[in-house]
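The file upload-v8.txt comes next; it holds compact mmCIF, C-alpha atoms and all ligand atoms.
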# COMPACT_ATOMS: atom_id res chain seq x y z
CA MET D 1167 -21.76 -12.72 -30.02
CA ALA D 1168 -21.52 -14.37 -33.41
CA ASN D 1169 -18.51 -12.38 -34.58
CA ASP D 1170 -16.51 -12.65 -31.38
CA VAL D 1171 -13.19 -14.39 -31.77
CA ILE D 1172 -10.87 -16.00 -29.28
CA ILE D 1173 -7.32 -14.70 -29.45
CA ALA D 1174 -4.40 -16.13 -27.48
CA GLY D 1175 -1.16 -14.25 -26.85
CA LEU D 1176 1.98 -16.06 -25.70
CA ASP D 1177 4.88 -14.06 -24.30
CA ILE D 1178 8.06 -16.10 -24.14
CA GLY D 1179 10.44 -14.52 -21.67
CA SER D 1180 13.79 -15.65 -20.34
CA ASN D 1181 12.21 -16.25 -16.95
CA SER D 1182 8.73 -17.44 -17.69
CA ILE D 1183 6.17 -18.05 -20.42
CA LYS D 1184 2.90 -16.18 -20.12
CA CYS D 1185 -0.32 -16.97 -21.98
CA VAL D 1186 -3.32 -14.61 -22.07
CA VAL D 1187 -6.64 -15.51 -23.71
CA GLY D 1188 -9.17 -12.88 -24.72
CA VAL D 1189 -12.47 -12.72 -26.56
CA ALA D 1190 -12.37 -9.88 -29.07
CA ASP D 1191 -15.46 -8.15 -30.39
CA ALA D 1192 -15.86 -6.49 -33.76
CA GLN D 1193 -14.96 -3.05 -32.30
CA GLY D 1194 -11.57 -4.25 -31.04
CA GLY D 1195 -12.73 -4.57 -27.41
CA VAL D 1196 -11.26 -7.50 -25.50
CA ASP D 1197 -12.61 -9.54 -22.59
CA ILE D 1198 -9.83 -11.36 -20.76
CA ILE D 1199 -10.99 -14.90 -20.02
CA GLY D 1200 -7.84 -16.74 -18.99
CA THR D 1201 -4.16 -16.57 -18.12
CA GLY D 1202 -1.37 -19.07 -17.62
CA CYS D 1203 2.24 -18.74 -16.54
CA ALA D 1204 5.07 -21.27 -16.36
CA THR D 1205 8.61 -20.55 -15.25
CA THR D 1206 11.37 -21.93 -17.44
CA LYS D 1207 15.11 -22.03 -17.73
CA GLY D 1208 14.85 -23.73 -21.12
CA MET D 1209 15.92 -20.65 -23.04
CA ARG D 1210 19.16 -18.90 -22.25
CA ALA D 1211 20.66 -15.90 -23.99
CA GLY D 1212 18.15 -16.24 -26.78
CA ASP D 1213 18.73 -19.91 -27.55
CA VAL D 1214 16.59 -22.88 -26.68
CA GLN D 1215 18.96 -24.91 -24.54
CA ASN D 1216 16.77 -27.40 -22.75
CA ARG D 1217 14.21 -28.24 -25.40
CA ALA D 1218 12.16 -30.74 -23.42
CA GLU D 1219 11.88 -28.39 -20.47
CA PHE D 1220 11.03 -25.46 -22.74
CA VAL D 1221 8.27 -27.36 -24.58
CA ALA D 1222 6.87 -28.56 -21.26
CA ALA D 1223 6.75 -24.96 -19.98
CA ILE D 1224 4.85 -23.78 -23.08
CA ARG D 1225 2.41 -26.64 -22.58
CA ARG D 1226 1.94 -25.77 -18.90
CA ALA D 1227 1.24 -22.09 -19.66
CA ARG D 1228 -1.19 -23.15 -22.41
CA GLU D 1229 -3.01 -25.71 -20.26
CA GLU D 1230 -3.36 -23.32 -17.33
CA ALA D 1231 -4.84 -20.64 -19.62
CA GLU D 1232 -7.12 -23.19 -21.31
CA MET D 1233 -8.37 -24.46 -17.99
CA MET D 1234 -9.23 -20.96 -16.79
CA ALA D 1235 -10.74 -19.84 -20.09
CA GLY D 1236 -12.63 -23.09 -20.70
CA VAL D 1237 -11.52 -23.20 -24.35
CA GLU D 1238 -9.07 -25.25 -26.36
CA LEU D 1239 -6.25 -23.24 -27.90
CA ASN D 1240 -4.73 -24.20 -31.22
CA ASP D 1241 -3.15 -20.99 -32.50
CA VAL D 1242 -1.23 -18.19 -30.83
CA PHE D 1243 0.34 -14.88 -31.57
CA VAL D 1244 3.75 -14.82 -29.92
CA SER D 1245 6.27 -12.30 -28.64
CA VAL D 1246 9.71 -13.29 -27.47
CA SER D 1247 11.97 -11.36 -25.13
CA GLY D 1248 15.42 -12.12 -23.88
CA ILE D 1249 16.70 -12.68 -27.41
CA PRO D 1250 19.55 -10.43 -28.44
CA LEU D 1251 18.09 -8.28 -31.20
CA GLU D 1252 19.88 -5.44 -32.87
CA CYS D 1253 17.61 -2.39 -33.06
CA ASP D 1254 18.12 0.05 -35.87
CA SER D 1255 16.19 2.64 -37.81
CA SER D 1256 15.72 2.96 -41.55
CA PHE D 1257 13.44 4.68 -44.01
CA GLY D 1258 11.72 3.97 -47.30
CA ALA D 1259 10.24 6.03 -50.13
CA TRP D 1260 7.66 5.01 -52.75
CA CYS D 1261 6.14 6.84 -55.69
CA ILE D 1262 2.33 7.20 -55.52
CA GLU D 1263 2.05 9.36 -58.64
CA GLY D 1264 -0.64 11.76 -57.45
CA ALA D 1265 -2.99 8.99 -56.30
CA GLU D 1266 -4.44 8.36 -52.85
CA VAL D 1267 -2.26 6.25 -50.58
CA ALA D 1268 -3.63 2.70 -50.59
CA GLU D 1269 -2.79 -0.33 -48.48
CA THR D 1270 -0.64 -1.72 -51.30
CA ASP D 1271 1.47 1.48 -51.20
CA ILE D 1272 2.01 0.99 -47.48
CA ARG D 1273 3.20 -2.57 -48.11
CA GLN D 1274 5.56 -1.37 -50.84
CA VAL D 1275 7.11 1.45 -48.84
CA LEU D 1276 7.60 -0.84 -45.84
CA ARG D 1277 9.16 -3.51 -48.10
CA ILE D 1278 11.65 -0.91 -49.31
CA ALA D 1279 12.34 0.40 -45.79
CA ARG D 1280 13.14 -3.07 -44.50
CA ALA D 1281 15.45 -3.97 -47.41
CA ARG D 1282 18.79 -3.92 -45.68
CA GLN D 1283 22.05 -5.77 -46.00
CA VAL D 1284 22.60 -7.62 -42.73
CA ALA D 1285 25.18 -10.11 -41.44
CA PRO D 1286 24.88 -13.53 -43.17
CA THR D 1287 23.37 -15.39 -40.20
CA THR D 1288 20.82 -12.68 -39.40
CA ASP D 1289 17.61 -11.30 -40.90
CA VAL D 1290 15.39 -8.29 -40.49
CA LEU D 1291 12.78 -9.90 -38.27
CA PHE D 1292 10.49 -6.98 -37.54
CA CYS D 1293 9.88 -3.70 -39.27
CA VAL D 1294 7.76 -1.39 -37.14
CA PRO D 1295 6.50 1.73 -38.92
CA GLY D 1296 7.05 5.09 -37.22
CA HIS D 1297 5.89 8.29 -38.96
CA TYR D 1298 4.88 8.53 -42.62
CA MET D 1299 5.36 11.52 -44.85
CA VAL D 1300 3.28 12.37 -47.94
CA ASP D 1301 5.09 15.09 -49.90
CA SER D 1302 5.41 18.03 -47.46
CA HIS D 1303 3.00 16.56 -44.87
CA ILE D 1304 5.13 15.12 -42.11
CA ASP D 1305 4.58 13.06 -38.93
CA ILE D 1306 1.58 11.17 -40.26
CA VAL D 1307 0.51 8.03 -38.42
CA ALA D 1308 -2.28 6.85 -40.75
CA PRO D 1309 -1.61 7.96 -44.35
CA ILE D 1310 -4.22 5.83 -46.17
CA GLY D 1311 -6.45 8.05 -48.32
CA LEU D 1312 -4.04 11.02 -48.47
CA ARG D 1313 -3.17 12.20 -51.99
CA GLY D 1314 0.38 12.95 -53.07
CA VAL D 1315 3.37 12.10 -55.23
CA ARG D 1316 5.82 10.57 -52.80
CA LEU D 1317 5.19 8.40 -49.73
CA GLU D 1318 7.97 8.03 -47.15
CA VAL D 1319 8.22 6.19 -43.86
CA ASP D 1320 10.59 5.96 -40.90
CA VAL D 1321 10.83 2.46 -39.49
CA HIS D 1322 12.38 0.58 -36.58
CA LEU D 1323 14.07 -2.64 -37.46
CA ASN D 1324 14.80 -5.59 -35.21
CA ILE D 1325 17.59 -7.70 -36.64
CA GLY D 1326 18.41 -11.16 -35.30
CA LYS D 1327 18.67 -14.86 -36.00
CA ARG D 1328 15.61 -16.22 -37.79
CA GLU D 1329 16.57 -19.76 -36.71
CA THR D 1330 15.80 -18.89 -33.09
CA PHE D 1331 12.26 -17.90 -34.03
CA ASP D 1332 11.86 -20.97 -36.25
CA GLU D 1333 12.98 -23.18 -33.39
CA ILE D 1334 10.57 -21.48 -30.98
CA ALA D 1335 7.74 -22.00 -33.49
CA ARG D 1336 8.64 -25.73 -33.66
CA CYS D 1337 8.65 -25.95 -29.85
CA CYS D 1338 5.21 -24.27 -29.71
CA LYS D 1339 3.96 -26.77 -32.29
CA GLU D 1340 5.18 -29.65 -30.12
CA ALA D 1341 3.31 -28.06 -27.22
CA GLY D 1342 0.14 -28.06 -29.34
CA LEU D 1343 0.15 -24.44 -30.54
CA SER D 1344 0.61 -23.19 -34.09
CA VAL D 1345 2.39 -19.85 -34.18
CA GLY D 1346 0.52 -17.56 -36.50
CA THR D 1347 2.92 -14.70 -36.19
CA PHE D 1348 5.50 -13.19 -33.90
CA VAL D 1349 4.67 -9.72 -32.62
CA PRO D 1350 7.51 -7.36 -31.60
CA ASN D 1351 7.61 -6.94 -27.82
CA THR D 1352 7.88 -3.21 -28.10
CA LEU D 1353 4.49 -3.07 -29.80
CA ALA D 1354 2.85 -5.63 -27.58
CA SER D 1355 3.43 -4.02 -24.17
CA GLY D 1356 2.71 -0.55 -25.60
CA GLU D 1357 -0.64 -1.75 -26.92
CA ALA D 1358 -1.66 -2.92 -23.46
CA LEU D 1359 -0.43 -0.04 -21.36
CA LEU D 1360 -0.30 3.20 -23.31
CA ARG D 1361 -3.17 5.51 -24.19
CA ALA D 1362 -3.34 7.20 -27.54
CA GLU D 1363 -2.80 10.57 -25.84
CA ASP D 1364 0.38 9.27 -24.13
CA ARG D 1365 1.77 8.20 -27.49
CA GLU D 1366 0.81 11.55 -28.96
CA MET D 1367 2.41 13.66 -26.20
CA GLY D 1368 5.53 11.52 -25.95
CA ILE D 1369 6.19 8.72 -23.50
CA ALA D 1370 8.77 6.02 -22.76
CA LEU D 1371 7.80 2.47 -21.86
CA VAL D 1372 10.37 0.50 -19.89
CA ASP D 1373 9.84 -3.27 -19.46
CA ILE D 1374 12.23 -4.67 -16.85
CA GLY D 1375 12.13 -8.45 -17.25
CA GLY D 1376 14.36 -11.23 -15.99
CA SER D 1377 17.33 -10.82 -18.28
CA THR D 1378 16.47 -7.80 -20.41
CA THR D 1379 15.17 -4.26 -20.10
CA GLU D 1380 13.27 -3.11 -23.15
CA ILE D 1381 12.79 0.56 -23.88
CA SER D 1382 10.38 2.02 -26.40
CA VAL D 1383 9.75 5.71 -26.91
CA TYR D 1384 6.64 7.08 -28.62
CA ARG D 1385 6.09 10.60 -29.85
CA GLY D 1386 3.51 12.17 -32.14
CA GLY D 1387 1.48 8.95 -31.98
CA ALA D 1388 4.24 6.66 -33.31
CA LEU D 1389 7.16 4.61 -32.08
CA VAL D 1390 10.30 6.71 -32.52
CA PHE D 1391 12.90 4.57 -30.75
CA SER D 1392 13.29 1.10 -29.31
CA THR D 1393 16.18 -0.82 -27.86
CA ASN D 1394 16.88 -3.54 -25.34
CA LEU D 1395 19.51 -3.72 -22.63
CA PRO D 1396 20.91 -7.10 -21.58
CA VAL D 1397 20.16 -6.59 -17.89
CA GLY D 1398 17.11 -7.25 -15.73
CA GLY D 1399 15.86 -8.59 -12.41
CA GLU D 1400 18.07 -11.71 -12.50
CA ARG D 1401 21.11 -9.53 -11.85
CA VAL D 1402 19.54 -8.24 -8.64
CA THR D 1403 18.87 -11.82 -7.53
CA SER D 1404 22.40 -12.88 -8.34
CA ASP D 1405 23.84 -9.87 -6.46
CA LEU D 1406 21.81 -10.84 -3.39
CA SER D 1407 22.87 -14.47 -3.74
CA ILE D 1408 26.56 -13.50 -3.76
CA MET D 1409 26.26 -10.81 -1.09
CA PHE D 1410 24.39 -12.94 1.44
CA GLN D 1411 25.69 -16.33 0.35
CA VAL D 1412 22.28 -17.86 -0.21
CA PRO D 1413 21.11 -20.02 -3.14
CA GLY D 1414 19.33 -18.37 -6.06
CA VAL D 1415 15.82 -19.39 -4.97
CA GLU D 1416 16.38 -17.92 -1.52
CA ALA D 1417 17.85 -14.76 -3.00
CA GLU D 1418 14.75 -14.45 -5.20
CA ARG D 1419 12.49 -14.85 -2.18
CA LEU D 1420 14.57 -12.30 -0.26
CA LYS D 1421 14.23 -9.82 -3.12
CA GLN D 1422 10.50 -10.25 -3.49
CA THR D 1423 9.62 -10.18 0.20
CA SER D 1424 12.19 -7.74 1.61
CA GLY D 1425 13.73 -5.90 -1.35
CA SER D 1426 13.37 -2.19 -1.99
CA ALA D 1427 14.76 0.08 -4.67
CA LEU D 1428 15.29 2.76 -2.04
CA SER D 1429 17.21 1.75 1.08
CA TRP D 1430 16.32 4.88 3.08
CA LYS D 1431 12.64 3.96 2.87
CA VAL D 1432 13.33 0.82 4.89
CA GLY D 1433 12.98 1.16 8.65
CA ASP D 1434 16.24 1.27 10.63
CA HIS D 1435 15.33 -1.61 12.89
CA GLU D 1436 13.79 -3.97 10.35
CA THR D 1437 15.60 -7.29 10.10
CA VAL D 1438 15.40 -10.33 7.83
CA GLU D 1439 16.09 -13.95 8.74
CA LEU D 1440 18.37 -15.66 6.23
CA PRO D 1441 17.79 -19.39 5.64
CA VAL D 1442 20.11 -21.97 7.12
CA VAL D 1443 22.20 -23.24 4.19
CA GLY D 1444 25.41 -25.22 3.71
CA GLY D 1445 26.08 -25.76 7.41
CA MET D 1446 25.87 -22.03 8.19
CA ARG D 1447 24.16 -20.89 11.35
CA ALA D 1448 20.86 -19.02 11.17
CA ARG D 1449 21.61 -15.39 10.38
CA THR D 1450 19.75 -12.13 10.65
CA VAL D 1451 20.58 -9.12 8.50
CA ALA D 1452 19.28 -5.59 8.45
CA ARG D 1453 16.63 -5.19 5.75
CA SER D 1454 18.33 -1.94 4.73
CA GLU D 1455 21.40 -4.00 3.70
CA VAL D 1456 19.20 -6.07 1.36
CA ALA D 1457 17.70 -2.85 0.01
CA GLN D 1458 21.15 -1.31 -0.58
CA VAL D 1459 22.08 -4.21 -2.87
CA CYS D 1460 18.79 -3.86 -4.77
CA GLU D 1461 19.10 -0.09 -5.00
CA ALA D 1462 22.61 -0.22 -6.45
CA ARG D 1463 21.58 -2.58 -9.26
CA TYR D 1464 18.28 -0.84 -10.07
CA GLU D 1465 20.06 2.51 -10.10
CA GLU D 1466 22.51 1.11 -12.63
CA ILE D 1467 19.67 -0.21 -14.82
CA LEU D 1468 17.89 3.16 -14.68
CA GLN D 1469 21.06 5.04 -15.56
CA LEU D 1470 21.42 2.80 -18.62
CA VAL D 1471 17.81 3.58 -19.54
CA ARG D 1472 18.48 7.31 -19.18
CA ASP D 1473 21.68 7.08 -21.25
CA ALA D 1474 19.90 5.16 -24.03
CA ILE D 1475 17.14 7.78 -24.28
CA VAL D 1476 19.47 10.77 -23.98
CA SER D 1477 21.92 9.46 -26.55
CA GLU D 1478 19.07 9.16 -29.09
CA GLY D 1479 18.37 12.88 -28.66
CA LEU D 1480 14.87 12.14 -27.33
CA VAL D 1481 15.08 14.54 -24.41
CA VAL D 1482 13.09 17.61 -25.34
CA GLY D 1483 14.72 20.72 -23.84
CA VAL D 1484 15.96 19.44 -20.50
CA ARG D 1485 13.07 17.07 -19.92
CA MET D 1486 12.95 13.31 -20.35
CA PRO D 1487 9.66 11.89 -21.59
CA HIS D 1488 7.41 10.56 -18.83
CA VAL D 1489 8.08 6.90 -18.15
CA VAL D 1490 5.70 3.96 -17.72
CA PHE D 1491 7.21 0.87 -16.07
CA THR D 1492 6.21 -2.71 -16.61
CA GLY D 1493 7.74 -6.22 -16.57
CA GLY D 1494 8.04 -8.57 -13.59
CA ALA D 1495 11.09 -6.85 -12.12
CA SER D 1496 9.29 -3.49 -11.98
CA GLN D 1497 7.47 -4.89 -8.95
CA ILE D 1498 10.33 -4.16 -6.56
CA ALA D 1499 9.11 -1.83 -3.83
CA ASN D 1500 9.75 1.91 -4.40
CA LEU D 1501 10.94 1.58 -7.99
CA VAL D 1502 9.01 4.64 -9.14
CA ASP D 1503 10.57 6.84 -6.44
CA LEU D 1504 14.08 5.78 -7.39
CA ALA D 1505 13.27 6.18 -11.09
CA GLU D 1506 11.95 9.72 -10.65
CA ARG D 1507 15.22 10.63 -8.94
CA VAL D 1508 17.49 9.01 -11.56
CA LEU D 1509 15.47 9.97 -14.64
CA SER D 1510 14.24 13.39 -13.38
CA THR D 1511 10.80 12.87 -14.88
CA PRO D 1512 7.38 11.67 -13.69
CA CYS D 1513 7.19 7.86 -13.64
CA VAL D 1514 4.23 5.51 -13.14
CA TYR D 1515 3.47 1.80 -13.14
CA GLY D 1516 1.67 0.61 -16.27
CA GLU D 1517 -2.00 -0.37 -15.98
CA PRO D 1518 -3.68 -2.54 -18.63
CA ARG D 1519 -6.03 -0.33 -20.69
CA SER D 1520 -9.14 -1.15 -22.66
CA VAL D 1521 -9.55 -4.67 -21.40
CA ARG D 1522 -12.57 -6.09 -19.61
CA GLY D 1523 -13.30 -9.38 -17.91
CA MET D 1524 -10.61 -10.82 -15.64
CA VAL D 1525 -8.65 -7.59 -15.55
CA ASP D 1526 -7.14 -8.35 -12.15
CA MET D 1527 -5.45 -11.40 -13.63
CA VAL D 1528 -3.46 -9.29 -16.09
CA ARG D 1529 -2.68 -6.45 -13.70
CA ASN D 1530 0.55 -8.20 -12.76
CA PRO D 1531 3.12 -6.42 -14.96
CA LYS D 1532 4.60 -9.70 -16.15
CA TYR D 1533 1.43 -10.15 -18.26
CA ALA D 1534 1.75 -6.81 -20.09
CA ALA D 1535 3.26 -8.19 -23.31
CA ALA D 1536 0.90 -11.19 -23.57
CA THR D 1537 -2.13 -8.94 -22.96
CA GLY D 1538 -0.82 -6.48 -25.52
CA ILE D 1539 -0.48 -9.21 -28.14
CA VAL D 1540 -4.17 -10.03 -27.75
CA LEU D 1541 -5.13 -6.32 -28.02
CA TYR D 1542 -2.80 -5.81 -30.95
CA ALA D 1543 -4.29 -8.72 -32.86
CA ALA D 1544 -7.80 -7.58 -31.98
CA ARG D 1545 -7.34 -3.97 -33.04
CA LYS D 1546 -5.01 -3.87 -35.96
CA ARG D 1547 -6.74 -6.01 -38.51
CA PRO D 1548 -10.40 -6.44 -37.68
CA ASP D 1549 -11.09 -6.99 -41.39
CA VAL D 1550 -8.96 -10.12 -41.51
CA TRP D 1551 -10.50 -11.83 -38.53
CA VAL D 1552 -12.11 -15.18 -38.87
CA PRO D 1553 -14.26 -16.52 -36.04
CA VAL D 1554 -12.24 -19.10 -34.17
CA THR D 1555 -13.79 -22.44 -33.40
CA PRO D 1556 -11.80 -25.50 -32.35
CA THR D 1557 -11.87 -26.77 -35.93
CA ALA D 1558 -11.69 -23.51 -37.91
CA PRO D 1559 -8.56 -23.21 -40.05
CA ALA D 1560 -7.05 -19.93 -38.81
CA LYS D 1561 -4.01 -20.04 -41.07
CA THR D 1562 -5.21 -17.35 -43.46
CA LEU D 1563 -5.79 -14.91 -40.62
CA PHE D 1564 -2.32 -15.49 -39.30
CA SER D 1565 -0.46 -15.41 -42.57
CA ARG D 1566 -2.19 -12.20 -43.62
CA LEU D 1567 -1.45 -10.54 -40.29
CA LEU D 1568 2.13 -11.72 -40.59
CA ASP D 1569 2.40 -10.02 -43.96
CA TRP D 1570 1.01 -6.83 -42.52
CA ILE D 1571 3.41 -6.72 -39.57
CA ARG D 1572 6.41 -7.48 -41.73
N1 LIG F 1 7.82 -8.82 -6.40
C1 LIG F 1 8.90 -8.73 -7.16
N2 LIG F 1 9.88 -7.84 -6.85
C2 LIG F 1 10.98 -7.74 -7.63
N3 LIG F 1 11.22 -8.48 -8.73
C3 LIG F 1 10.28 -9.37 -9.08
C4 LIG F 1 9.08 -9.55 -8.33
N4 LIG F 1 8.34 -10.51 -8.93
C5 LIG F 1 9.05 -10.93 -10.01
N5 LIG F 1 10.22 -10.25 -10.10
C6 LIG F 1 11.28 -10.41 -11.10
O1 LIG F 1 10.73 -10.31 -12.38
C7 LIG F 1 11.62 -10.96 -13.31
C8 LIG F 1 10.79 -11.70 -14.32
O2 LIG F 1 9.97 -10.77 -14.99
P1 LIG F 1 9.24 -11.15 -16.38
O3 LIG F 1 8.32 -12.29 -16.15
O4 LIG F 1 8.67 -9.90 -16.92
O5 LIG F 1 10.50 -11.60 -17.20
P2 LIG F 1 10.60 -12.34 -18.59
O6 LIG F 1 9.59 -11.74 -19.52
O7 LIG F 1 10.52 -13.80 -18.39
O8 LIG F 1 12.08 -11.95 -18.96
P3 LIG F 1 12.68 -11.10 -20.19
O9 LIG F 1 11.63 -10.14 -20.62
O10 LIG F 1 13.90 -10.43 -19.65
O11 LIG F 1 13.03 -12.14 -21.20
C9 LIG F 1 12.51 -11.87 -12.49
O12 LIG F 1 13.83 -11.36 -12.48
C10 LIG F 1 11.90 -11.79 -11.09
O13 LIG F 1 12.89 -11.86 -10.10
MG MG F 2 9.55 -10.13 -20.90
Can the structure in the file be given as structure tokens, please?
Amino acid sequence: MANDVIIAGLDIGSNSIKCVVGVADAQGGVDIIGTGCATTKGMRAGDVQNRAEFVAAIRRAREEAEMMAGVELNDVFVSVSGIPLECDSSFGAWCIEGAEVAETDIRQVLRIARARQVAPTTDVLFCVPGHYMVDSHIDIVAPIGLRGVRLEVDVHLNIGKRETFDEIARCCKEAGLSVGTFVPNTLASGEALLRAEDREMGIALVDIGGSTTEISVYRGGALVFSTNLPVGGERVTSDLSIMFQVPGVEAERLKQTSGSALSWKVGDHETVELPVVGGMRARTVARSEVAQVCEARYEEILQLVRDAIVSEGLVVGVRMPHVVFTGGASQIANLVDLAERVLSTPCVYGEPRSVRGMVDMVRNPKYAAATGIVLYAARKRPDVWVPVTPTAPAKTLFSRLLDWIR
């Protein structure tokens, strides 16, 4: 269709870089046409450490997605995980003097909400609006057009080092991609996996990645809490590596092929062959021993998730919000069963919503954030789209969307 645009989302994780390409129509519908994924160790603890390797990984993810989609990509929307970000909440108020709330008022109130004194080397990187209030009307998600005197908003701030994002943008540029804007991870995965009714009723989204676990809680249609824990699937791999004295790659294979988050679900007589390494003889271990190591670490991660949600006062009565899991490390067998026990609430695996085309390609939970970026860009600002052709200057689209998000 003439007004269809190609949107590319790039999710830069501590473990791998994922690229998803979609064709968005004027109604915000998205056809997935390509994906690419490249593992990388180029970024550690939020800093680009091996630049050449990191740039090469971005290029690989881009080229794989381009090949599948049959298009050339020049611009991307990007989310980054694995970077230590301080999460905080704030609020802003703005006088609307009896007029209808307009888009300029939204920008003003968000500008005020994000004005915060932060440590000298850090900046407020993202300001995600929660609920708005217009005079006595509370818990409003879309206030434009309402009349009142005073507009207020609760926001979630992500505070971190801007240099890291600048450096990532430079690396993307070297890999042939201009970064239009960075999208907060919390919004990206939520856009892909949560239905409007889930957000309305109250739900928690937990993305267990390689080195981080990101939690976002929605209620009344808006994000009410987000945080990230510095622990993910890599810890499980490293536990297995130490426990069974196998190298990291073998421990990873062991986890993916024989791991389980519940050891009692593993048959008593099941065994696993360990590889011959470092002059050791071939060994066989009970699969339940492998599962016990996995279970202990996943249980710890889930307890941290529970503590984070409980300490924010987000447990209504005695009940936790329902939980949707995503992220590569959520693929361990029996995670949902363990989670329901630890969190005492119904838990499910996230499924990409509202996408068409190569849906099976993005069903793997590691693609949730990259898919969400494409949906987010497609839905939030349809009025600022410009049709993308290989030569079209897309800068205005990106800079305007950037303004909106910030
Ligand atoms: N089948 C599987 N079972 C268990 N864990 C898995 C499986 N497949 C992948 N993983 C784990 O998923 C993790 C990577 O997930 P993901 O790609 O979401 O991380 P990332 O986005 O790169 O990291 P982060 O979000 O922490 O920066 C790794 O720790 C990997 O071991
Ligand atoms: Mg991630």
Could you tell me, counting only C-alpha atoms and all ligand atoms, which protein and nucleic acid residues lie no more than 9 Å from ligand MG 2 (chain F), written as a compact mmCIF listing (two decimals) with C-alpha atoms, in the frame of the given file?
# COMPACT_ATOMS: atom_id res chain seq x y z
CA ASP D 1177 4.88 -14.06 -24.30
CA ILE D 1178 8.06 -16.10 -24.14
CA GLY D 1179 10.44 -14.52 -21.67
CA SER D 1180 13.79 -15.65 -20.34
CA ASN D 1181 12.21 -16.25 -16.95
CA SER D 1182 8.73 -17.44 -17.69
CA ILE D 1183 6.17 -18.05 -20.42
CA SER D 1245 6.27 -12.30 -28.64
CA VAL D 1246 9.71 -13.29 -27.47
CA SER D 1247 11.97 -11.36 -25.13
CA GLY D 1248 15.42 -12.12 -23.88
CA ASN D 1351 7.61 -6.94 -27.82
CA ASP D 1373 9.84 -3.27 -19.46
CA ILE D 1374 12.23 -4.67 -16.85
CA GLY D 1375 12.13 -8.45 -17.25
CA GLY D 1376 14.36 -11.23 -15.99
CA SER D 1377 17.33 -10.82 -18.28
CA THR D 1378 16.47 -7.80 -20.41
CA THR D 1379 15.17 -4.26 -20.10
CA GLU D 1380 13.27 -3.11 -23.15
CA GLY D 1493 7.74 -6.22 -16.57
CA GLY D 1494 8.04 -8.57 -13.59
CA LYS D 1532 4.60 -9.70 -16.15
CA TYR D 1533 1.43 -10.15 -18.26
CA ALA D 1534 1.75 -6.81 -20.09
CA ALA D 1535 3.26 -8.19 -23.31
Item to check | For atom CA of Glu1269 of chain D and atom CA of Ile1310 of chain D, the interatomic separation in Å (one decimal) | outcome: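 For atom CA of Glu1269 of chain D relative to atom CA of Ile1310 of chain D, the distance reads 6.7 Å.
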Checklist entry - With distances taken over only C-alpha atoms, which of D:Gly1296, D:Gly1414, D:Pro1487, D:Gly1188 is nearest to Gly1368 of chain D? => result D:Pro1487
Once you add 3 Å to each side, what are the centre and edge lengths of the axis-aligned box holding all listed atoms of ligand LIG 1 (chain F)? One decimal in Å, as JSON, if you can.
{"center_x": 10.9, "center_y": -10.8, "center_z": -13.8, "size_x": 12.1, "size_y": 12.1, "size_z": 20.8}
Next on the checklist: I'd like the contact shell of segment 1450-1463 of chain D - 6 Å cut-off, only C-alpha atoms, skipping same-chain residues fewer than 3 positions apart - returned as a ChimeraX atom specification.
Outcome noted: /D:1402,1425-1429,1432,1436-1440,1466
Checklist entry - So, counting only C-alpha atoms, which residue among D:Met1524, D:Val1372, D:Arg1419, D:Lys1327 is closest to Leu1470 of chain D? => result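 For Leu1470 of chain D, the nearest of the candidates is D:Val1372.
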Next on the checklist: Could you check the closest approach to ligand LIG 1 (chain F) for each of D:Gly1346, D:Gly1479, D:Gly1326, D:Gly1202 and tell me which residue wins, using only C-alpha atoms and all ligand atoms?
Outcome noted: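 Selected residue with least distance to ligand LIG 1 (chain F): D:Gly1202.
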Checklist entry - Closest to Val1319 of chain D among D:Glu1252, D:Asp1213, D:Asp1364, D:Asp1301, using all atoms listed in the file? => result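 For Val1319 of chain D, the nearest of the given residues is D:Asp1301.
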Next on the checklist: What does the structure give for the distance between atom CA of Gly1311 of chain D and atom CA of Gln1274 of chain D, in Å to one decimal?
Outcome noted: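 These two atoms are separated by 15.5 Å.
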Checklist entry - Please, what distance in Å, to one decimal, runs between atom CA of Glu1229 of chain D and atom CA of Cys1337 of chain D? => result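 About the pair atom CA of Glu1229 of chain D and atom CA of Cys1337 of chain D: they are 15.1 Å apart.
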Next on the checklist: Using all atoms listed in the file, which protein or nucleic acid residues come within 7 Å of Ala1222 of chain D? Drop anything in the same chain fewer than 4 positions from it, and give the result as a list of chain:residue names.
Outcome noted: D:Ala1218, D:Arg1226, D:Ala1341
Any chance you could model N, CA and C atoms for segment 1408-1412 of chain D and send them as a compact mmCIF listing (two decimals), keeping the file's coordinate frame?
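The result, written out as part-v6.txt:
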# COMPACT_ATOMS: atom_id res chain seq x y z
N ILE D 1408 25.12 -13.60 -4.05
CA ILE D 1408 26.56 -13.50 -3.76
C ILE D 1408 26.78 -12.77 -2.44
N MET D 1409 26.09 -11.67 -2.27
CA MET D 1409 26.26 -10.81 -1.09
C MET D 1409 25.96 -11.55 0.21
N PHE D 1410 24.82 -12.31 0.19
CA PHE D 1410 24.39 -12.94 1.44
C PHE D 1410 24.63 -14.44 1.46
N GLN D 1411 25.34 -14.91 0.43
CA GLN D 1411 25.69 -16.33 0.35
C GLN D 1411 24.49 -17.25 0.57
N VAL D 1412 23.48 -17.00 -0.25
CA VAL D 1412 22.28 -17.86 -0.21
C VAL D 1412 22.04 -18.36 -1.63
